[in-house]
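> Could you have a look at this structure, given as structure tokens, before my questions?
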Protein chains: 2
Amino acid sequence: MAKVGQRYLEIDPYRLIEKGFHKDKNAVSESLFSLGNEYSGIRGFFEEGCSLPGLVGTYYNGIYEYALEDTPSAYKGVVKRTHFTINSTNYLKVKIIVDGTVLDLANAEIEDFTRVLDMRNGLLERSFTWKVSGAKVRIKFTRLLSMTRPHLAYQGISFNSDKDVSLKIFFHLDGTILHWGKDNYWKADQAFPNELFLRTLTTNQSLLTAQEIVTNASFKEKGVAPKEVYSGYTAIISPNEEVKFERFVSAIASKKGEAYKELAPVAKEDLKIAKKLGLEGLLKENAEFFEEHYAKSDIVIDGDETDQQGIRFCIFQMLSAYHGLEGDNNIGAKGLTGEAYSGHAFWDSETYCLPYYLFNDQKAAKNLLMFRYLTLKEAKERAIDLDCEGACFPIATRNGKEACTLWQHASTQLQPTSAVAYAIYHYMNLYNDEAFMKNYGAELLGEIAKFLYSRGSYNASNTHFGYYGVMGPDEFQLMVAHNTYTNLMGKKSMEYALSVLNNPKYGTKELLKKLGLDEAKLSKIKKACDDMLILYNPETKLFEQHQGYFDLPHIDVDKIPMEEFPLYSHWTYDRIYRNDMIKQPDVLMFLFLYNQDYSDEIIKANYEFYEPRCIHESSLSPSIHSILASQIGKDQEALNFFGFATRLDLDDYNRNTREGLHMTSIAAAWMNIVYGFLGLRSDRPILKVKPTLPERWNHYGVNLTYHGLPVRFDVYADHFEVEVKGGSIELAYLNQVYVIESKRSFPR
Amino acid sequence: MAKVGQRYLEIDPYRLIEKGFHKDKNAVSESLFSLGNEYSGIRGFFEEGCSLPGLVGTYYNGIYEYALEDTPSAYKGVVKRTHFTINSTNYLKVKIIVDGTVLDLANAEIEDFTRVLDMRNGLLERSFTWKVSGAKVRIKFTRLLSMTRPHLAYQGISFNSDKDVSLKIFFHLDGTILHWGKDNYWKADQAFPNELFLRTLTTNQSLLTAQEIVTNASFKEKGVAPKEVYSGYTAIISPNEEVKFERFVSAIASKKGEAYKELAPVAKEDLKIAKKLGLEGLLKENAEFFEEHYAKSDIVIDGDETDQQGIRFCIFQMLSAYHGLEGDNNIGAKGLTGEAYSGHAFWDSETYCLPYYLFNDQKAAKNLLMFRYLTLKEAKERAIDLDCEGACFPIATRNGKEACTLWQHASTQLQPTSAVAYAIYHYMNLYNDEAFMKNYGAELLGEIAKFLYSRGSYNASNTHFGYYGVMGPDEFQLMVAHNTYTNLMGKKSMEYALSVLNNPKYGTKELLKKLGLDEAKLSKIKKACDDMLILYNPETKLFEQHQGYFDLPHIDVDKIPMEEFPLYSHWTYDRIYRNDMIKQPDVLMFLFLYNQDYSDEIIKANYEFYEPRCIHESSLSPSIHSILASQIGKDQEALNFFGFATRLDLDDYNRNTREGLHMTSIAAAWMNIVYGFLGLRSDRPILKVKPTLPERWNHYGVNLTYHGLPVRFDVYADHFEVEVKGGSIELAYLNQVYVIESKRSFPR
């Protein structure tokens, strides 16, 4: 199925530009013009309110609630109460009244509408001329989230008019906001005209939002309700004088639920600094933040401005969603840009997002792993819930507990757990961070190995070990035995855990005692690894996705009519599962993760077998296929799968960008270029590249950090260059290892 | 796990007798002392109310409602709104006040309590002496449901006292009754002091309950609320005179929702007849009903009074739940004796209950099949919901629609559908009812064949046909491929359908056109039958329960600690499924149903393989095992599995009789004697027997109807006798066919 984009923004290398207001795209624009600083995220909604379909959303990383009601289940181990990141105080809300008319872009007569998001500093600007009351009123909104001072936000609003008109404007802090348009998860605590302090209903977290408004207008009134406060101003907008408002906001979200009296002085100090810096100062700090990060991770695409804008948008959004600010933060499937997927982190964090951070920011990469260490307690409880030992990491979570109420996913998908082991391995390959391994990694691996051992079983004749009743990454095969991805990742994870625990540096007596792992148990785990069934046919070079997969009824996926997609809406649930159609890479996924363990012949055989059976219903699927297609020389296919990867959201290919950005697909787009076209491999200690140049590009450059050094690759039609600054790195290319000092060129 | 009974009733061949009030058994007694006449059922609750735990329940066959809310599911084909038989107007309710004290057996001081249910006429009597206000008041309650006049019920209450005391008594018709102790599903329509006419909330069915009270006490007051009406009386109970009340009730439930004015004259006429007959007349009719039915189906057990009482209770309850009164009635898993299983009929109706009716009442047997014909429309809609053709019969239903909201059962268990085909085959074996086949059976079979063909698939190499993503009768194996029961029953059902449709008597042009079955389609179905994969190993003589079953991790079920049962409460949901443990017979089930297709060697091999893997978590499991154990000469095992079969509820072995009687286990107990000890086989046109005598019995006699003739088997230690009245039958015994006229004796 060819997907068709719906482009309405201008092409520009560093900016998102909307010219003229696209009413029908209101909710899509809200997602695309989101701002985030990891600490919080705000959708690009109109501060003055708008009666078009949309979602006024403000979210804080780690501020969450439980569902008001249980999802009933009679079965043990099934999650009954889910939790999710909640919509929070809207501190941008204003009400604008000119000569008695309330501004609402759904029906206001406007012209010269422009909206611009500058990805070099995170400044969002919107301006238009409103024809009202016989006048032309020019309004400009400015918005900023500080990247370096996470509490701080800035809002500017200015008015000009060709005739005298009267303005009334109210600046709200609105805590009555509804989550999923349905429920409010906040209870009142303290409210003052410029401060609102709320608590979550049951998790008892807290959020203080404080504002200070600087204006040349006159203060008129204030209002205080338990969950909403405001300050109102009036002015006459005349041709001679601009009426201007600046709202400085300090929003402090306390995951552990600190009291008002603890947070109020911090907010006061925040606002003092913010006013001192002013917009200019805040912008300068943001620009420095992005400059620094782009220097380490920018991708330059020469010859395709749409891809250039696309990949910059991806990197901008990755940094907005997460940059390692706090160890207990994570990356929701939609970042902090919407309510779909409930702000949950999935195994995507380790599998699709981590590589970007691994190659530009060790602290961010480490903190992503720390999230799992900090939620080890919950993962151990979950393992017990599942009648297992060790730690079972959740398929979806914000607080470490399993949030998925569907047992067929939450109880049978083991990939979140093996993904944590793989992530530690991957991180250690690049940073060899012994302190991390000693303090956190080894314990995580020990608990993971215990889980993966206890969840497995020997077959009837005790000849092989493996996993029964599982679902692999391909979510179209349910309750299968010996899913090869699951078995292989189980084996690799346990083997890595054993190698770490057998290293006296890490596997100390204290740790082994804490883990309850004695010699006998370690030997059993070792034996299970040795006995792990891996369904591989050396003649065909094919791995079987699971026991019995090759005998499943065949479906020609190309013959499924377009209008039957998405299948979950058009096919009976069980029907989706009873054939050889797959949703996303499964065998191909481990061939990507442990890529260097397999020959190109094996990869080619499996790619050619499984790709035609895959419907790519996951937005993560095409990038993995593109990467492997590149590897086996199918350049055109690689480019086809890359297709719109960088612009999935910008051009709304999946028709659901309105719900929020596809954060993990955004990360996969980065992987697609770096692992795909550049051919980077990092699954062994020495980095490997095998660059290709997509035919629609003239040249591209990739900035990475490797072993702490900045590395730049530039790929041209006939050669590529590698430049290292401040030291040397080893690099494998075409089966040879080179030591790169400063710059080196290779023919292609 | 040895189950332990909790006997508290007296042993008596024809009566249930409770001596002394067993407070802690209140809810159990409510179930055991239930009365039913297929049209309706009343639990044995105390009419005066009781504050002990219990369930005041009155149910009508076919009067049902939908759940107030959906069970949410994002998936297609998953049932979102269930339905269930609802608790209805309580027409036995009284309030009894003696000298200002309200009678409540939870705390009243009483003596000489006796409760007796006479299974020869369905009379329920309860009497006790209440010490109240310094007097000894003797109260006797009498209750009857007419077996021949389905609307009619009788309640008698009489009072004696050794001293003058004042009595106030109120006779209610109470429509405010709660279902599941939670919701009332009735809306008010018409209410008069002695009549209450209500409608169901959304199904718009109607129920008129009319009463007439005959008494020597004085009328005092009446009350009419929209959903509850009453008449109140006063009297002085003196040593000289008994105060006596008789309440005649006509309760008319209209499935199609007739109006008050249509039903009121019927009720009036009913009450006239009832009063004329009086208790005596009604009792006489009931006695005749039971006499007639027992003559056709009684089982006499000589040498074990507990089993004698047990099997009589089973037969009494079968007749109470169902005797073919109406074609759109069915048998709920709990009959009409409780709210568990929601009044739903399962495949148990055809598989476990039908044989009893087949051998004593053609009309009842036929009407049980008619239920499926009358709900063919809903079954066809369900097939469409499941992206299939033909008719898919529901796993649980009252109105023909699927009521089970769990997709893993409702979308993957095909046995309800093949059970209908088997039932038609079974019925035709015994009655060769050509009119039924022509008018209903052939069409049913055609739609069943279409479904079973469309739900199946060919494997990848197109060499064999079968079912993928199914759950067989054994509910501990989920989403399996080639479950042998499912494949075999699919094959047999389609083959039978083809043989019927190929018979020009039934497979008329009109019918084939209506079914949309042309030559090409019929050939395809034929080929699918021929290609059906049946996993059988001729060397071991073992059928594999499903593809891959033999390689599943083995669990020694005897080593599972007692306290971990029931497993659903103690084991993680998915853990139950990932090993070779089974819940109930699966391979053994088809070896029972198509018994004469298999040699004793095959049955023995499979019994010995599968029985040790079975935990018998279904109450239907032991009887099938007992029947097959008998067949292969494992008499002691057969007796062990029979164990408490006839007394599962009487002695509350499963500790949940309080929720209602296990109606299909009751039917299985009958099968256990007839198919097990008597060794009857009816899966081919000629009846076969192979009697054994359980060692704890001296002799037993079984009454059956076969080809319209009454047949009596008497089995003794060294011989057995067969007696036929009014004609001759063929009977196979030890590989020889005998023609029996009048009486014949065979050595054993």
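In the structure tokens, the first chain shown is A, the next is B, and so on; residue numbers restart at 1 for each chain, and ligands run from 1 in the order shown.
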Neighbours of region 689-694 of chain B within 6 Å (only C-alpha atoms; same-chain residues fewer than 2 positions away dropped), as a list of chain:residue names?
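Final neighbour list, sorted by chain and number: B:Phe677, B:Leu678, B:Gly679, B:Leu680, B:Arg696, B:Trp697, B:Tyr733.
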> Keeping only N, CA and C atoms, write those residues as a tab-separated table (two decimals), in the first residue's frame.

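Result saved to again02.tsv:
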chain	number	residue	atom	x	y	z
B	677	PHE	N	-21.69	-47.56	32.73
B	677	PHE	CA	-21.90	-48.89	33.30
B	677	PHE	C	-22.73	-49.79	32.37
B	678	LEU	N	-23.80	-49.20	31.82
B	678	LEU	CA	-24.61	-50.00	30.91
B	678	LEU	C	-23.88	-50.20	29.56
B	679	GLY	N	-22.93	-49.33	29.28
B	679	GLY	CA	-22.13	-49.48	28.06
B	679	GLY	C	-22.91	-49.24	26.79
B	680	LEU	N	-23.96	-48.41	26.88
B	680	LEU	CA	-24.76	-48.11	25.70
B	680	LEU	C	-23.96	-47.28	24.70
B	696	ARG	N	-20.25	-51.41	44.08
B	696	ARG	CA	-21.01	-50.98	45.25
B	696	ARG	C	-22.53	-51.14	45.06
B	697	TRP	N	-22.96	-51.62	43.89
B	697	TRP	CA	-24.38	-51.86	43.64
B	697	TRP	C	-24.65	-53.37	43.57
B	733	TYR	N	-24.59	-56.74	21.03
B	733	TYR	CA	-23.89	-57.08	22.28
B	733	TYR	C	-22.76	-58.03	21.91
> Give the strand (DSSP E or B) residues of region 202-304 of chain B, as DSSP finds them on the backbone, and put them as a VMD selection string.
chain B and resid 206 to 215 218 to 225 228 to 238 241 243 to 254 299 to 302
> Tell me, in Å to one decimal, how far CA of Gly548 (chain A) is from CA of Thr405 (chain B).
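If I compute the distance from CA of Gly548 (chain A) to CA of Thr405 (chain B), I get 28.6 Å.
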> At a cut-off of 12 Å, using only C-alpha atoms, what residues contact Asn367 (chain A)? Leave out same-chain residues fewer than 5 positions from it and give the result as a PyMOL selection string.
chain A and resi 322-331+349-350+354+357-358+361-362+372-374+423-424+427+436+440
> Would you write out those residues with C-alpha atoms, as a tab-separated table (two decimals), in the first residue's frame?

chain	number	residue	atom	x	y	z
A	322	TYR	CA	14.36	13.50	25.90
A	323	HIS	CA	17.96	14.47	26.47
A	324	GLY	CA	18.78	12.72	29.70
A	325	LEU	CA	17.67	15.44	32.11
A	326	GLU	CA	16.47	13.00	34.76
A	327	GLY	CA	17.06	9.27	35.25
A	328	ASP	CA	13.41	8.55	35.91
A	329	ASN	CA	12.24	10.16	32.68
A	330	ASN	CA	11.58	8.18	29.56
A	331	ILE	CA	10.31	8.63	26.03
A	349	SER	CA	12.97	3.29	24.03
A	350	GLU	CA	15.87	0.83	24.10
A	354	LEU	CA	18.63	4.60	22.43
A	357	TYR	CA	21.52	9.08	22.25
A	358	LEU	CA	24.32	6.52	22.29
A	361	ASP	CA	25.10	12.07	24.55
A	362	GLN	CA	26.40	9.48	26.98
A	372	ARG	CA	15.01	0.59	34.11
A	373	TYR	CA	17.26	0.43	37.15
A	374	LEU	CA	15.05	2.88	39.00
A	423	ALA	CA	20.74	-1.87	25.60
A	424	ILE	CA	23.26	-2.44	28.38
A	427	TYR	CA	25.96	1.00	25.81
A	436	PHE	CA	27.57	1.86	35.54
A	440	TYR	CA	23.53	-0.94	38.08
> Pull the closest atom pair for each residue of chain A that gets at most 6 Å from chain B, along with the distance in Å to one decimal, counting only C-alpha atoms, ordering rows by chain and then ascending residue number, as JSON lines.

{"residue": "A:Tyr75", "atom": "CA", "partner": "B:Tyr573", "partner_atom": "CA", "distance": 5.6}
{"residue": "A:Lys76", "atom": "CA", "partner": "B:Thr572", "partner_atom": "CA", "distance": 4.7}
{"residue": "A:Gly77", "atom": "CA", "partner": "B:Thr572", "partner_atom": "CA", "distance": 5.0}
{"residue": "A:Leu386", "atom": "CA", "partner": "B:Thr572", "partner_atom": "CA", "distance": 5.5}
{"residue": "A:Tyr458", "atom": "CA", "partner": "B:Pro553", "partner_atom": "CA", "distance": 5.7}
{"residue": "A:Asn459", "atom": "CA", "partner": "B:Pro553", "partner_atom": "CA", "distance": 4.3}
{"residue": "A:Ala460", "atom": "CA", "partner": "B:Pro553", "partner_atom": "CA", "distance": 4.5}
{"residue": "A:Tyr468", "atom": "CA", "partner": "B:Arg578", "partner_atom": "CA", "distance": 5.5}
{"residue": "A:Gly469", "atom": "CA", "partner": "B:Arg578", "partner_atom": "CA", "distance": 5.4}
{"residue": "A:Asp551", "atom": "CA", "partner": "B:Ala460", "partner_atom": "CA", "distance": 4.9}
{"residue": "A:Leu552", "atom": "CA", "partner": "B:Ala460", "partner_atom": "CA", "distance": 5.3}
{"residue": "A:Pro553", "atom": "CA", "partner": "B:Asn459", "partner_atom": "CA", "distance": 4.3}
{"residue": "A:His554", "atom": "CA", "partner": "B:Ala460", "partner_atom": "CA", "distance": 5.2}
{"residue": "A:Thr572", "atom": "CA", "partner": "B:Lys76", "partner_atom": "CA", "distance": 4.7}
{"residue": "A:Tyr573", "atom": "CA", "partner": "B:Lys76", "partner_atom": "CA", "distance": 5.6}
{"residue": "A:Arg578", "atom": "CA", "partner": "B:Tyr468", "partner_atom": "CA", "distance": 5.5}
> Between B:Asn640, B:Asn656, B:Thr202, B:Thr215, which residue has the minimum interatomic distance to Ala67 (chain B), considering only C-alpha atoms?
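The answer is B:Thr202, which sits nearest to Ala67 (chain B).
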> Could you write out, as a PyMOL selection string, all the residues of region 517-650 of chain B that DSSP marks as alpha helix (DSSP H)?
chain B and resi 519-531+567-570+573-577+587-593+600-610+621-631+635-642
> Got a sec: who's within 9 Å of Tyr59 (chain B), counting only C-alpha atoms, leaving out chain neighbours fewer than 6 positions off, as a list in words?
Tyr39, Ser40, Gly41, Ile42, Arg43, Thr85, Ile86, Asn87, Ser88, Thr89, Leu336, Thr337, Gly338, Glu339 and Gly343 of chain B
> Ranking B:Phe316, B:Phe248, B:Phe33, B:Phe644 by minimum distance to Ala274 (chain B) and counting only C-alpha atoms, which one comes first?
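Looking at the shortest contact to Ala274 (chain B), the residue is B:Phe248.
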> Within 10 Å of Glu10 (chain B), counting only C-alpha atoms, which residues qualify if same-chain residues fewer than 6 places away don't, as a list in words?
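Once the adjacent positions are removed, what remains is Leu16, Ile17, Glu18, Lys19, Val116, Thr306 and Gln309 of chain B.
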> Next, write the just-selected residues to a file, as a PDB file, in the first residue's frame, keeping C-alpha atoms as the atom set.

ATOM      1  CA  LEU B  16     -34.936 -34.486  49.669  1.00  0.00           C
ATOM      2  CA  ILE B  17     -35.269 -34.102  53.416  1.00  0.00           C
ATOM      3  CA  GLU B  18     -33.681 -31.482  55.603  1.00  0.00           C
ATOM      4  CA  LYS B  19     -34.137 -32.095  59.331  1.00  0.00           C
ATOM      5  CA  VAL B 116     -39.098 -31.898  52.240  1.00  0.00           C
ATOM      6  CA  THR B 306     -27.180 -42.518  48.129  1.00  0.00           C
ATOM      7  CA  GLN B 309     -31.410 -40.661  45.614  1.00  0.00           C
TER       8      GLN B 309
END
> So how many Å separate CA of Arg684 (chain B) and CA of Leu731 (chain B), to one decimal?
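Taking CA of Arg684 (chain B) as the start and CA of Leu731 (chain B) as the end point, the length is 11.3 Å.
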> Excluding same-chain residues fewer than 5 positions from region 719-727 of chain B, what lies within 6 Å of it counting only C-alpha atoms, as a PyMOL selection string?
chain B and resi 710-714+742-748
> Write the residues of the preceding selection, restricted to C-alpha atoms, as a short mmCIF file (atom, residue, chain, number, x, y, z; two decimals), in the first residue's frame.

data_model
loop_
_atom_site.label_atom_id
_atom_site.label_comp_id
_atom_site.auth_asym_id
_atom_site.auth_seq_id
_atom_site.Cartn_x
_atom_site.Cartn_y
_atom_site.Cartn_z
CA PRO B 710 -40.05 -48.60 26.11
CA VAL B 711 -36.96 -50.64 26.87
CA ARG B 712 -35.79 -51.76 30.27
CA PHE B 713 -32.33 -53.04 31.11
CA ASP B 714 -31.64 -54.85 34.36
CA SER B 742 -40.43 -58.86 24.92
CA LYS B 743 -37.69 -60.04 27.32
CA ARG B 744 -34.27 -61.63 26.92
CA SER B 745 -31.49 -62.49 29.31
CA PHE B 746 -27.77 -62.47 28.52
CA PRO B 747 -24.98 -63.88 30.64
CA ARG B 748 -22.29 -61.33 31.53
#
> I'd like to know which of B:Glu228, B:Glu109, B:Glu195, B:Asp518 is closest to Thr176 (chain B), using only C-alpha atoms.
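Once distances to Thr176 (chain B) are computed over only C-alpha atoms, the minimum belongs to B:Glu228.
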> Check the smallest atom-to-atom distance from each of B:Tyr185, B:Trp130, B:Ile213, B:Ser238 to Ser161 (chain B) using only C-alpha atoms, then report the winner.
B:Ser238
> Could you check how far CA of Ser297 (chain A) sits from CA of Thr664 (chain A), in Å to one decimal?
16.9 Å
> List as JSON, numbers by chain the protein and nucleic acid residues near Phe170 (chain A), meaning an atom at most 8 Å away when only C-alpha atoms are counted, but skip any in the same chain fewer than 3 places from it.
{"A": [94, 95, 96, 230, 231, 232, 233]}
